[in-house]
Structures are given as C-alpha cells and as structure tokens.
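Novice: You'll find coords_13.cif just under this line, and it carries mmCIF, C-alpha atoms.
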```cif
data_structure
loop_
_atom_site.label_atom_id
_atom_site.label_comp_id
_atom_site.auth_asym_id
_atom_site.auth_seq_id
_atom_site.Cartn_x
_atom_site.Cartn_y
_atom_site.Cartn_z
CA MET A 1 0.00 0.00 0.00
CA ARG A 2 1.20 3.48 -0.79
CA PRO A 3 2.41 5.70 2.11
CA ALA A 4 -0.26 8.33 1.39
CA ARG A 5 -3.06 5.84 1.86
CA ILE A 6 -1.53 4.65 5.13
CA ALA A 7 -1.04 8.15 6.50
CA ALA A 8 -4.49 9.43 5.59
CA PRO A 9 -6.47 7.73 8.45
CA PHE A 10 -3.94 8.87 11.02
CA ILE A 11 -4.07 12.42 9.75
CA CYS A 12 -7.87 12.42 9.90
CA GLY A 13 -7.90 10.91 13.42
CA ALA A 14 -5.41 13.43 14.73
CA ALA A 15 -7.44 16.25 13.30
CA LEU A 16 -10.60 14.90 14.95
CA PHE A 17 -8.85 14.48 18.29
CA PHE A 18 -7.41 17.94 18.43
CA LEU A 19 -10.25 19.89 16.90
CA ALA A 20 -13.15 18.24 18.79
CA GLN A 21 -14.53 20.04 21.85
CA PRO A 22 -14.19 18.23 25.23
CA ALA A 23 -17.25 16.14 26.03
CA GLY A 24 -17.94 17.94 29.31
CA ALA A 25 -17.90 21.27 27.67
CA ALA A 26 -20.41 20.17 25.17
CA GLU A 27 -23.07 19.33 27.89
CA SER A 28 -24.90 22.03 29.99
CA VAL A 29 -23.76 22.42 33.56
CA GLY A 30 -27.31 22.64 34.75
CA SER A 31 -28.33 19.26 33.44
CA CYS A 32 -25.21 17.84 35.02
CA VAL A 33 -26.07 19.39 38.32
CA VAL A 34 -29.61 18.07 38.04
CA GLU A 35 -28.25 14.64 37.43
CA LYS A 36 -25.93 14.89 40.42
CA ILE A 37 -28.77 16.13 42.59
CA GLU A 38 -30.88 13.21 41.44
CA GLU A 39 -28.00 10.89 42.34
CA ILE A 40 -27.82 12.41 45.78
CA GLY A 41 -31.49 11.84 46.40
CA GLY A 42 -33.47 14.58 44.70
CA PRO A 43 -33.90 18.32 45.09
CA GLU A 44 -35.61 18.05 48.49
CA GLU A 45 -32.79 16.00 49.89
CA PHE A 46 -30.24 18.37 48.35
CA GLU A 47 -31.97 21.42 49.78
CA ALA A 48 -32.19 19.79 53.12
CA ILE A 49 -28.45 19.08 53.12
CA VAL A 50 -27.70 22.67 52.06
CA GLU A 51 -29.95 24.18 54.69
CA ALA A 52 -28.58 21.88 57.37
CA GLY A 53 -25.00 22.73 56.44
CA GLN A 54 -25.59 26.52 56.22
CA ALA A 55 -27.72 26.87 59.27
CA GLU A 56 -26.26 28.64 62.24
CA GLY A 57 -25.07 26.31 64.72
CA ALA A 58 -24.97 23.53 62.22
CA SER A 59 -23.20 20.52 63.32
CA ASP A 60 -19.90 19.54 61.92
CA GLU A 61 -21.45 16.46 60.27
CA ALA A 62 -23.93 18.67 58.43
CA LYS A 63 -21.15 20.99 57.29
CA GLU A 64 -19.00 18.09 56.18
CA GLU A 65 -22.04 16.59 54.36
CA LEU A 66 -22.60 19.92 52.61
CA VAL A 67 -18.96 20.15 51.61
CA ARG A 68 -19.01 16.62 50.34
CA VAL A 69 -22.14 17.21 48.23
CA GLU A 70 -20.76 20.48 46.89
CA ASP A 71 -17.51 18.76 46.01
CA GLU A 72 -19.35 15.96 44.32
CA VAL A 73 -21.44 18.39 42.27
CA GLU A 74 -18.44 20.59 41.60
CA LYS A 75 -16.19 17.70 40.63
CA GLY A 76 -18.91 16.07 38.58
CA CYS A 77 -20.20 19.12 36.72
CA ILE A 78 -18.01 22.14 37.20
CA GLU A 79 -14.63 20.57 36.69
CA ALA A 80 -13.82 19.65 33.10
CA PRO A 81 -13.31 16.00 32.18
CA SER A 82 -9.81 14.66 31.35
CA LEU A 83 -8.20 16.01 28.23
CA ILE A 84 -6.57 12.67 27.53
CA ILE A 85 -9.29 10.15 28.20
CA PRO A 86 -12.68 11.10 26.77
CA GLU A 87 -15.97 10.07 28.00
CA LEU A 88 -17.39 6.81 26.74
CA ASN A 89 -20.17 8.44 24.80
CA GLU A 90 -17.63 10.70 23.16
CA VAL A 91 -15.57 7.71 22.24
CA ILE A 92 -18.62 6.03 20.72
CA TRP A 93 -19.79 9.04 18.77
CA GLY A 94 -16.32 10.04 17.80
CA GLY A 95 -15.41 6.51 16.78
CA GLY A 96 -18.62 6.24 14.76
CA ALA A 97 -17.98 9.53 13.08
CA PHE A 98 -14.43 8.46 12.45
CA LEU A 99 -15.57 5.21 10.88
CA VAL A 100 -18.13 7.03 8.73
CA LEU A 101 -15.52 9.53 7.72
CA LEU A 102 -13.01 6.74 7.14
CA ALA A 103 -15.54 4.84 5.02
CA ALA A 104 -16.27 7.98 3.05
CA MET A 105 -12.60 8.58 2.61
CA ILE A 106 -12.02 4.98 1.51
CA LYS A 107 -14.99 5.13 -0.82
CA TRP A 108 -14.47 8.52 -2.45
CA GLY A 109 -11.49 10.30 -0.99
CA PHE A 110 -8.80 7.71 -1.31
CA PRO A 111 -9.60 6.87 -4.96
CA LEU A 112 -9.68 10.53 -5.76
CA VAL A 113 -6.41 11.09 -3.97
CA ARG A 114 -5.05 7.92 -5.49
CA ASN A 115 -6.13 8.91 -8.97
CA THR A 116 -4.74 12.38 -8.49
CA MET A 117 -1.51 10.95 -7.16
CA GLU A 118 -1.36 8.38 -9.89
CA ALA A 119 -2.12 10.99 -12.52
CA ARG A 120 0.54 13.22 -11.05
CA THR A 121 2.91 10.27 -10.79
CA GLU A 122 2.11 9.31 -14.36
CA ARG A 123 2.59 12.88 -15.51
CA ILE A 124 5.88 13.06 -13.64
CA ARG A 125 6.84 9.68 -15.04
CA THR A 126 5.86 10.83 -18.51
CA ASP A 127 7.77 14.03 -18.01
CA LEU A 128 10.72 12.05 -16.71
CA GLN A 129 10.48 9.69 -19.64
CA ALA A 130 10.20 12.60 -22.04
CA ALA A 131 13.12 14.26 -20.33
CA GLN A 132 15.00 10.98 -20.47
CA ALA A 133 14.08 10.56 -24.12
CA ALA A 134 15.06 14.13 -24.85
CA ARG A 135 18.27 13.59 -22.98
CA THR A 136 18.86 10.33 -24.81
CA GLU A 137 18.05 12.00 -28.10
CA ALA A 138 20.33 14.86 -27.23
CA GLU A 139 23.03 12.43 -26.27
CA ASN A 140 22.44 10.49 -29.47
CA THR A 141 22.49 13.68 -31.47
CA GLN A 142 25.65 14.68 -29.69
CA LYS A 143 27.14 11.26 -30.36
CA GLN A 144 25.99 11.43 -33.96
CA LEU A 145 27.42 14.87 -34.38
CA ALA A 146 30.61 13.73 -32.75
CA ALA A 147 30.69 10.69 -35.01
CA GLU A 148 29.97 12.81 -38.05
CA LEU A 149 32.59 15.27 -37.00
CA ALA A 150 35.04 12.44 -36.50
CA GLU A 151 33.99 10.95 -39.82
CA SER A 152 34.36 14.32 -41.50
CA LYS A 153 37.79 14.69 -39.99
CA ALA A 154 38.65 11.19 -41.06
CA ASN A 155 37.31 11.84 -44.54
CA ALA A 156 39.19 15.08 -44.74
CA ALA A 157 42.34 13.36 -43.64
CA LYS A 158 41.63 10.55 -46.07
CA ILE A 159 41.04 13.00 -48.92
CA VAL A 160 44.19 14.86 -48.07
CA GLU A 161 46.12 11.62 -47.90
CA GLN A 162 44.55 10.40 -51.12
CA ALA A 163 45.35 13.67 -52.83
CA ARG A 164 48.89 13.42 -51.58
CA GLN A 165 49.17 9.84 -52.81
CA GLU A 166 47.64 10.79 -56.15
CA ALA A 167 50.01 13.67 -56.44
CA LEU A 168 52.89 11.32 -55.74
CA VAL A 169 51.55 8.80 -58.23
CA LEU A 170 50.90 11.52 -60.77
CA SER A 171 54.36 12.86 -60.28
CA ALA A 172 55.80 9.39 -60.63
CA ASN A 173 53.67 8.72 -63.67
CA MET A 174 54.64 11.98 -65.25
CA GLN A 175 58.25 11.18 -64.61
CA VAL A 176 57.83 7.71 -66.04
CA LYS A 177 55.90 9.09 -68.99
CA ALA A 178 58.51 11.74 -69.59
CA GLU A 179 61.21 9.09 -69.50
CA ALA A 180 59.11 6.88 -71.78
CA ASP A 181 58.52 9.79 -74.15
CA ILE A 182 62.21 10.56 -74.22
CA ALA A 183 63.01 6.90 -74.82
CA GLU A 184 60.33 6.72 -77.51
CA MET A 185 61.59 9.89 -79.16
CA ARG A 186 65.10 8.54 -79.02
CA GLN A 187 63.94 5.21 -80.40
CA ARG A 188 61.90 6.96 -83.08
CA ALA A 189 64.82 9.11 -84.03
CA VAL A 190 67.03 6.06 -84.22
CA GLY A 191 64.35 4.29 -86.26
CA GLU A 192 63.94 7.27 -88.56
CA ILE A 193 67.68 7.49 -89.02
CA GLU A 194 67.82 3.79 -89.70
CA ALA A 195 64.83 4.01 -92.05
CA ALA A 196 66.34 6.96 -93.86
CA ARG A 197 69.59 5.08 -94.16
CA SER A 198 67.76 1.99 -95.40
CA ARG A 199 65.72 4.09 -97.79
CA ALA A 200 68.78 5.77 -99.12
CA LEU A 201 70.49 2.42 -99.46
CA ALA A 202 67.43 0.94 -101.16
CA ASP A 203 67.18 3.94 -103.47
CA LEU A 204 70.81 3.57 -104.28
CA GLN A 205 70.35 -0.13 -104.86
CA GLY A 206 67.29 0.59 -106.98
CA ASP A 207 69.15 3.16 -109.01
CA VAL A 208 72.06 0.80 -109.45
CA ALA A 209 69.63 -1.98 -110.39
CA ASP A 210 67.84 0.27 -112.86
CA ILE A 211 71.14 1.23 -114.43
CA VAL A 212 72.32 -2.35 -114.57
CA VAL A 213 69.01 -3.75 -115.82
CA GLY A 214 68.60 -0.89 -118.26
CA ALA A 215 72.02 -1.56 -119.62
CA ALA A 216 71.29 -5.28 -119.76
CA SER A 217 67.96 -4.63 -121.52
CA ARG A 218 69.66 -2.49 -124.15
CA VAL A 219 72.30 -5.13 -124.63
CA VAL A 220 69.66 -7.86 -124.88
CA GLU A 221 67.52 -5.85 -127.30
CA ARG A 222 70.54 -5.22 -129.54
CA ASN A 223 71.52 -8.87 -129.45
CA LEU A 224 68.06 -10.34 -129.94
CA ASP A 225 68.14 -10.97 -133.64
CA VAL A 226 65.78 -13.25 -135.54
CA ASN A 227 67.72 -16.37 -134.71
CA SER A 228 67.86 -15.52 -131.02
CA GLN A 229 64.13 -14.84 -130.99
CA ARG A 230 63.47 -18.17 -132.71
CA GLN A 231 65.77 -19.91 -130.25
CA LEU A 232 63.97 -18.31 -127.27
CA ILE A 233 60.58 -19.34 -128.66
CA ASP A 234 61.79 -22.89 -129.26
CA GLU A 235 63.17 -23.09 -125.75
CA TYR A 236 59.85 -21.84 -124.42
CA ILE A 237 57.94 -24.49 -126.39
CA ALA A 238 60.35 -27.15 -125.16
CA SER A 239 59.97 -26.04 -121.53
CA ILE A 240 56.18 -26.28 -121.79
CA GLY A 241 56.54 -29.73 -123.29
CA ARG A 242 58.61 -30.80 -120.27
CA GLN A 243 55.93 -29.71 -117.80
CA MET B 1 31.18 -0.76 -123.18
CA SER B 2 29.81 -3.47 -120.91
CA ASP B 3 30.62 -7.13 -121.38
CA ASP B 4 27.01 -7.83 -122.33
CA LEU B 5 27.14 -5.30 -125.16
CA ILE B 6 30.50 -6.65 -126.37
CA THR B 7 29.02 -10.15 -126.38
CA SER B 8 25.92 -8.96 -128.23
CA TYR B 9 28.01 -7.32 -130.95
CA ALA B 10 30.18 -10.43 -131.23
CA ARG B 11 27.19 -12.76 -131.56
CA SER B 12 25.57 -10.53 -134.15
CA MET B 13 28.73 -10.42 -136.24
CA VAL B 14 29.19 -14.19 -135.97
CA GLY B 15 25.54 -14.58 -137.05
CA VAL B 16 26.15 -12.46 -140.14
CA ALA B 17 29.31 -14.45 -140.93
CA GLU B 18 27.41 -17.72 -140.53
CA ALA B 19 24.73 -16.43 -142.87
CA GLU B 20 27.42 -15.60 -145.36
CA GLY B 21 29.19 -18.95 -144.77
CA ALA B 22 32.44 -17.24 -143.84
CA VAL B 23 32.74 -17.83 -140.07
CA SER B 24 36.16 -19.43 -140.01
CA VAL B 25 37.63 -16.84 -142.34
CA MET B 26 36.07 -14.02 -140.34
CA GLU B 27 37.38 -15.43 -137.03
CA ALA B 28 40.91 -15.74 -138.38
CA GLU B 29 40.83 -12.23 -139.78
CA MET B 30 39.30 -10.88 -136.57
CA ALA B 31 42.20 -12.41 -134.63
CA GLN B 32 44.64 -10.51 -136.81
CA ILE B 33 42.59 -7.32 -136.59
CA ALA B 34 42.43 -7.64 -132.77
CA ALA B 35 46.19 -8.10 -132.60
CA ALA B 36 46.81 -5.10 -134.83
CA PHE B 37 44.22 -2.97 -133.08
CA ASN B 38 45.51 -3.77 -129.57
CA ALA B 39 49.10 -3.26 -130.60
CA SER B 40 48.66 0.09 -132.37
CA GLU B 41 47.69 3.12 -130.35
CA GLU B 42 47.74 5.16 -133.52
CA LEU B 43 45.25 2.88 -135.23
CA ARG B 44 42.88 2.92 -132.23
CA ALA B 45 43.06 6.71 -132.06
CA ALA B 46 42.38 7.11 -135.78
CA LEU B 47 39.35 4.79 -135.86
CA ALA B 48 37.87 6.14 -132.61
CA ASP B 49 38.49 9.82 -133.35
CA ALA B 50 35.15 11.50 -132.77
CA ASN B 51 36.32 14.57 -134.68
CA LEU B 52 36.40 12.58 -137.91
CA PRO B 53 33.10 11.76 -139.60
CA ALA B 54 32.09 8.12 -139.33
CA ALA B 55 32.17 7.79 -143.12
CA ARG B 56 35.80 8.97 -143.14
CA ARG B 57 36.78 6.50 -140.45
CA GLN B 58 34.96 3.72 -142.29
CA GLN B 59 36.89 4.65 -145.41
CA VAL B 60 40.17 4.44 -143.46
CA ALA B 61 39.31 0.97 -142.18
CA GLU B 62 38.21 -0.24 -145.58
CA ASP B 63 41.39 1.13 -147.11
CA LEU B 64 43.50 -0.67 -144.50
CA LEU B 65 41.64 -3.95 -144.88
CA GLY B 66 41.04 -3.72 -148.59
CA GLY B 67 42.59 -6.65 -150.41
CA GLN B 68 43.76 -8.26 -147.14
CA ALA B 69 40.44 -9.14 -145.49
CA SER B 70 37.30 -10.73 -146.82
CA ARG B 71 34.33 -8.69 -147.87
CA VAL B 72 32.29 -9.88 -144.89
CA THR B 73 35.01 -8.98 -142.36
CA THR B 74 35.52 -5.56 -143.91
CA ALA B 75 31.78 -4.86 -143.85
CA LEU B 76 31.45 -5.94 -140.22
CA VAL B 77 34.39 -3.77 -139.13
CA SER B 78 32.89 -0.86 -141.04
CA MET B 79 29.55 -1.49 -139.28
CA VAL B 80 31.21 -1.36 -135.84
CA ILE B 81 32.91 1.93 -136.72
CA ALA B 82 29.64 3.39 -138.06
CA SER B 83 27.95 2.37 -134.80
CA GLY B 84 30.40 4.50 -132.86
CA ARG B 85 32.01 1.47 -131.21
CA ALA B 86 35.40 1.68 -132.90
CA GLY B 87 37.12 2.00 -129.51
CA ASP B 88 35.82 -1.45 -128.60
CA LEU B 89 36.73 -3.09 -131.87
CA GLY B 90 39.66 -4.95 -130.29
CA ARG B 91 37.50 -6.39 -127.51
CA ILE B 92 34.74 -7.35 -129.93
CA ALA B 93 37.25 -9.13 -132.16
CA ASP B 94 38.74 -10.92 -129.13
CA ARG B 95 35.27 -12.02 -128.06
CA ILE B 96 34.51 -13.36 -131.57
CA VAL B 97 37.73 -15.41 -131.55
CA ARG B 98 37.04 -16.72 -128.05
CA MET B 99 33.42 -17.59 -128.86
CA GLY B 100 34.56 -19.47 -131.96
CA ALA B 101 37.07 -21.49 -129.97
CA GLU B 102 34.49 -22.25 -127.27
CA GLN B 103 31.99 -23.27 -129.93
CA ARG B 104 34.50 -25.80 -131.23
CA GLY B 105 35.20 -27.02 -127.71
CA HIS B 106 38.67 -25.51 -127.69
CA GLU B 107 40.43 -23.34 -125.10
CA LEU B 108 41.82 -20.08 -126.44
CA ALA B 109 45.44 -19.33 -125.54
CA GLU B 110 46.63 -15.78 -126.05
CA VAL B 111 50.28 -15.91 -127.08
CA ARG B 112 52.31 -12.71 -126.86
CA SER B 113 55.62 -12.53 -128.64
CA ALA B 114 57.92 -9.79 -129.87
CA VAL B 115 58.11 -11.45 -133.28
CA PRO B 116 55.56 -13.46 -135.25
CA LEU B 117 55.51 -17.24 -134.74
CA ASP B 118 55.72 -19.29 -137.90
CA ALA B 119 53.23 -22.06 -138.59
CA ASP B 120 55.54 -24.77 -137.28
CA GLN B 121 56.12 -22.92 -134.02
CA GLN B 122 52.40 -22.29 -133.62
CA GLN B 123 51.63 -25.96 -134.25
CA ARG B 124 54.27 -27.18 -131.80
CA LEU B 125 53.26 -24.59 -129.16
CA ALA B 126 49.55 -25.54 -129.47
CA SER B 127 50.46 -29.18 -129.16
CA ALA B 128 52.66 -28.59 -126.11
CA LEU B 129 50.00 -26.45 -124.42
CA SER B 130 47.30 -29.04 -125.17
CA LYS B 131 49.50 -31.73 -123.64
CA ALA B 132 50.31 -29.58 -120.56
CA THR B 133 46.71 -28.51 -119.88
CA GLY B 134 44.84 -31.57 -121.12
CA LYS B 135 42.64 -29.34 -123.30
CA ASP B 136 42.38 -28.62 -126.99
CA ILE B 137 44.15 -25.29 -127.41
CA GLU B 138 43.71 -22.69 -130.09
CA LEU B 139 46.31 -19.95 -130.35
CA LYS B 140 45.70 -16.26 -130.72
CA VAL B 141 49.09 -14.73 -131.43
CA VAL B 142 49.59 -11.11 -130.38
CA ILE B 143 52.71 -9.23 -131.45
CA ASP B 144 53.88 -7.32 -128.38
CA PRO B 145 57.32 -5.67 -128.66
CA SER B 146 57.34 -5.04 -124.87
CA VAL B 147 57.90 -8.77 -124.40
CA LEU B 148 61.42 -8.18 -125.87
CA GLY B 149 61.99 -11.88 -126.48
CA GLY B 150 60.42 -15.25 -125.73
CA VAL B 151 56.71 -15.83 -125.25
CA VAL B 152 53.95 -15.10 -122.69
CA THR B 153 50.92 -17.38 -122.90
CA GLN B 154 47.62 -16.78 -121.06
CA ILE B 155 45.02 -19.56 -120.89
CA GLY B 156 42.07 -18.34 -118.88
CA ASP B 157 43.56 -17.18 -115.60
CA GLN B 158 46.77 -19.17 -116.03
CA ILE B 159 49.86 -17.32 -117.33
CA ILE B 160 53.00 -19.09 -118.53
CA ASP B 161 55.65 -16.42 -118.78
CA GLY B 162 58.88 -17.15 -120.67
CA SER B 163 59.62 -13.61 -121.77
CA VAL B 164 62.92 -11.78 -121.62
CA ARG B 165 61.03 -8.84 -120.12
CA THR B 166 60.05 -10.93 -117.11
CA ARG B 167 63.57 -12.27 -116.71
CA LEU B 168 64.90 -8.73 -116.66
CA HIS B 169 62.23 -7.85 -114.06
CA GLN B 170 63.35 -10.79 -111.96
CA LEU B 171 66.91 -9.62 -112.30
CA ARG B 172 65.79 -6.16 -111.17
CA GLU B 173 63.98 -7.62 -108.20
CA ALA B 174 67.01 -9.66 -107.25
CA PHE B 175 69.04 -6.53 -106.53
#
```
As structure tokens, please, write out the structure in this file.
Specialist:
Amino acid sequence: MRPARIAAPFICGAALFFLAQPAGAAESVGSCVVEKIEEIGGPEEFEAIVEAGQAEGASDEAKEELVRVEDEVEKGCIEAPSLIIPELNEVIWGGGAFLVLLAAMIKWGFPLVRNTMEARTERIRTDLQAAQAARTEAENTQKQLAAELAESKANAAKIVEQARQEALVLSANMQVKAEADIAEMRQRAVGEIEAARSRALADLQGDVADIVVGAASRVVERNLDVNSQRQLIDEYIASIGRQ
Amino acid sequence: MSDDLITSYARSMVGVAEAEGAVSVMEAEMAQIAAAFNASEELRAALADANLPAARRQQVAEDLLGGQASRVTTALVSMVIASGRAGDLGRIADRIVRMGAEQRGHELAEVRSAVPLDADQQQRLASALSKATGKDIELKVVIDPSVLGGVVTQIGDQIIDGSVRTRLHQLREAF
C-alpha cells in the first residue's frame, strides 16, 4: 500500500482528536447538576443538606455533608473531564464519526487522492520519460554529431592523404611518362635514321639496279636478232613440253 | 562498253558471218585485226576519233583492210565503226575469236611474242599447251614488242611467262 493511503487515516484521526470540543464542555452544567442532585437523592434532599450545612449552629457532620455534596457536584459538573481520556459516549460518537468519515474517505477520498496521485505520478513519469528521451536524443544527437565530425575529420584526412598519394603517383607517372617519351623519341629518331639510311640504301640499290638492268635490256635488245628470238621461242615451247 | 554489249556485238557479227558462210575466215581475220588494233595506239586513235566523220573512219578501215580481209570482215568492221564502237573493236574481235574457240570445244590461248611465230612454231606450241593442260588449245598470237623476247601465254587465268622482259624484271627484283 502506498504511504499516502496509510497516512491518511492517522491524519484524519489526529485532526478529529485535536479539533473536537471536550465532552464535558459540550453538555450544559445545569443538566449535570440536576443529574448529580438526582443521584444524591433529589432536590428536596439536596436542599435539606444545604440548609442543614448553612444553618447557624450547624453541626460539623452537616457541614461536612454539605462540603461533600458540593464537592461531588463541583467535581462532577463544574470541573472539566480529562483532556486525555474522553468520556465513553464521546468515544462512541467520535469513533462512529471516524468510521463514517473513514468509510467515506475509503470510498471517495482515497480513490480521488489515489487517482490524483497516480495521474501526477504518471505525468511526472511521462515528463521524466520525455526528459529521459530528450536527454537520450540529445546524447544520441551529440554522439551522432561527434561521429559525423570524426567521420568528416577522417574523410578530410583521407582525402588529403589520397590527394597526396595521387600527387605522388601523378608525379611518378609523369616522370615515367617523360622518360618513356624521351626513350620513344630517341627510339623513333634512331628508327627514322635507320629508315632513312635503309631508304637511301634501297634507293641507291634501286638506281644501281635500274642502271644495270637498263644496260642489260639495251644489250639484250641489240643482241636479240631473228635467230635468237626463234631460239627463245623454241626453248619456251620445249619447256612447256617438259611440264 | 559493258561485257554484255560486247558479247551482243560479237554474236551478231558471228551470225552475219554464218549467214554468209564465212565464219572461219572471219574469225581468223578478226584475230589478226584484234592483234593489230591492240598493238597500235595510232590505229585505235584514228578509228575512234570523234572529230572525224564516221564515213571517213569507215573509209580508213576499208582502205586498210582492202585486199587483205574478206568482204564480210571488212563490212562488219565498217559497221562497228559506223555504230560509234570503234574504240571497242579490239574487244569485240577478241570475243569473236574466243566464242569461236568455245563453240568448237577448244580453249583459247593468247600468245604474246615480240616477233611473229611461224606455222611450225604455232603448231608445236599448241600441241605442247594441249598436252600440258589436257585441253584442246587454239592460239591467238599477239605481237607485243614489250615482251622483248620469248613468249607469254595466257590460258584463262593461267599465265605461262617465258619472256625476256620478265627475266629482266626478276633480275631487277634480285638486286
């Protein structure tokens, strides 16, 4: 059971105890005196005791009887009852009222208080959860931002490193390409020189061949008389016959 | 001129020669005319000269052939010139010779030589070519001074080259 529900009856009881008027104060003094007089023996008897005790020359017994009756009436009706221990009827009425009030409290008050407390607790819990969620979200956002920042830094460093590597590679490639170009140019120049030399040699050979063959053709043409032509034709016919 | 037109002219001229009963004579004379026509740039230019009237060119051809070719051959050559096909006269004559050989079941061998072959040489060369190819060969001798010496024979796509010109080329290539 929740502490509030336990404390509620005690709080109500304490309030009833301290705020209630004393039982004696609630009754009239006159009725109390009448009751006391009736207990003594009735008004006639009481008057008789008073007159006997106040008469001149009253005996000591009458005076003592008067004092005793006055004390009894005074103690019973004039003096207030005990502040700590109430009268029985007060206990009964007070206890009944307390029970009625307690029942009413259990029936309507406690649920209302409980609902209010639960609603408040739920609201606080919801607020706490929202605060926790907001805090978690903030922490997540902070972590995410931190991660993104770290990632950005890492990416930046990576890009810088990549650019540096690419620059190194590019530099190396350019150097290699330059060396290759130089080697190719050198090779091409050597090839062109060689080709030019070969061409010149071939041209020279061709010219020499043309001169030689031209000279041979002129010699052959001059020497190809009718008999030579006939002999060539006969040789041709003979060569076909051998095939 | 397209091959179809050449063939059409050749068939027409063979038809006329057949009608006149002078096919063999015409073919032989056409072979000589083809050789002369292909060998002489001057002759081709004169007969195909568009600046000369056709009648004048016909007269030139008839003068050249007069007394050496038959009447039918001369008339057919004159007809080709009058038709404006003098530039193709050599091809038409070649086609007539080839068609005649094919009609007789013979293969035509074009023989190029710097000097004319006598009858004995032609007979021995035809015999040797027939033996080498396994076909009946007819010769069409073309005088070609560029051959220098020896003979170049073409049978279809096959060429048998025994010319001095080719030997000199080989000597040139050997350098």
Novice: List the neighbours of Lys140 of chain B out to 9 Å using only C-alpha atoms; skip same-chain residues closer than 6 positions along the sequence, and give me the result as a list in words.
Specialist: Ala31, Gln32, Ala35, Asp94, Val97, Leu108, Ala109, Glu110, Val111 and Arg112 of chain B
Novice: Set the cut-off to 12 Å and count only C-alpha atoms: what are the residues of chain B that reach chain A? Output as a VMD selection string.
Specialist: chain B and resid 111 to 118 120 to 134 145 to 153 159 to 175
Novice: Quick one, how far is atom CA of Met117 of chain A from atom CA of Gly96 of chain A?
Specialist: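 Those two atoms sit 28.2 Å apart.
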Novice: When you draw a straight line from atom CA of Ala157 of chain A to atom CA of Ser171 of chain A, how long is it in Å?
Specialist: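 Computed distance, atom CA of Ala157 of chain A to atom CA of Ser171 of chain A, equals 20.5 Å.
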Novice: Apply the PyMOL selection byres ((chain B and resi 25) around 12) to the displayed file and report the matching residues as an NGL selection string.
Specialist: :B and (14 or 17-18 or 20-24 or 26-32 or 68-74 or 96-97 or 100)
Novice: Have a look at atom CA of Gly95 of chain A and atom CA of Val113 of chain A and let me know their distance in Å, one decimal.
Specialist: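 Interatomic distance here is 23.1 Å.
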Novice: Around the point (39.4, -20.7, -126.1) (coordinates from the file), which residues reach within 8 Å if we count all atoms listed in the file? Answer as a compact mmCIF listing (two decimals) with C-alpha atoms, in the coordinates of the input.
Specialist:
```txt
# COMPACT_ATOMS: atom_id res chain seq x y z
CA VAL B 97 37.73 -15.41 -131.55
CA ARG B 98 37.04 -16.72 -128.05
CA MET B 99 33.42 -17.59 -128.86
CA GLY B 100 34.56 -19.47 -131.96
CA ALA B 101 37.07 -21.49 -129.97
CA GLU B 102 34.49 -22.25 -127.27
CA GLY B 105 35.20 -27.02 -127.71
CA HIS B 106 38.67 -25.51 -127.69
CA GLU B 107 40.43 -23.34 -125.10
CA LEU B 108 41.82 -20.08 -126.44
CA ALA B 109 45.44 -19.33 -125.54
CA ILE B 137 44.15 -25.29 -127.41
CA GLU B 138 43.71 -22.69 -130.09
CA ILE B 155 45.02 -19.56 -120.89
```
Novice: Place a sphere of radius 9 Å on (34.4, -10.6, -128.1) in the file coordinates and name every protein, DNA or RNA residue with an atom inside or on its surface, counting all atoms listed in the file; give the answer as a ChimeraX atom specification.
Specialist: /B:3,6-11,89-99
Novice: I'd like the residues picked by the PyMOL selection byres ((chain A and resi 72) around 12) written out as a ChimeraX atom specification, using the chain letters and numbers from the file.
Specialist: /A:32-33,35-37,39-40,46,65-71,73-79
Novice: Which residues fall under the PyMOL selection byres ((chain A and resi 62) around 9) in this file, as a short mmCIF file (atom, residue, chain, number, x, y, z; two decimals) with C-alpha atoms, in the frame of the given file?
Specialist:
```
data_model
loop_
_atom_site.label_atom_id
_atom_site.label_comp_id
_atom_site.auth_asym_id
_atom_site.auth_seq_id
_atom_site.Cartn_x
_atom_site.Cartn_y
_atom_site.Cartn_z
CA ILE A 49 -28.45 19.08 53.12
CA VAL A 50 -27.70 22.67 52.06
CA GLU A 51 -29.95 24.18 54.69
CA ALA A 52 -28.58 21.88 57.37
CA GLY A 53 -25.00 22.73 56.44
CA GLN A 54 -25.59 26.52 56.22
CA ALA A 58 -24.97 23.53 62.22
CA SER A 59 -23.20 20.52 63.32
CA ASP A 60 -19.90 19.54 61.92
CA GLU A 61 -21.45 16.46 60.27
CA LYS A 63 -21.15 20.99 57.29
CA GLU A 64 -19.00 18.09 56.18
CA GLU A 65 -22.04 16.59 54.36
CA LEU A 66 -22.60 19.92 52.61
CA VAL A 67 -18.96 20.15 51.61
#
```
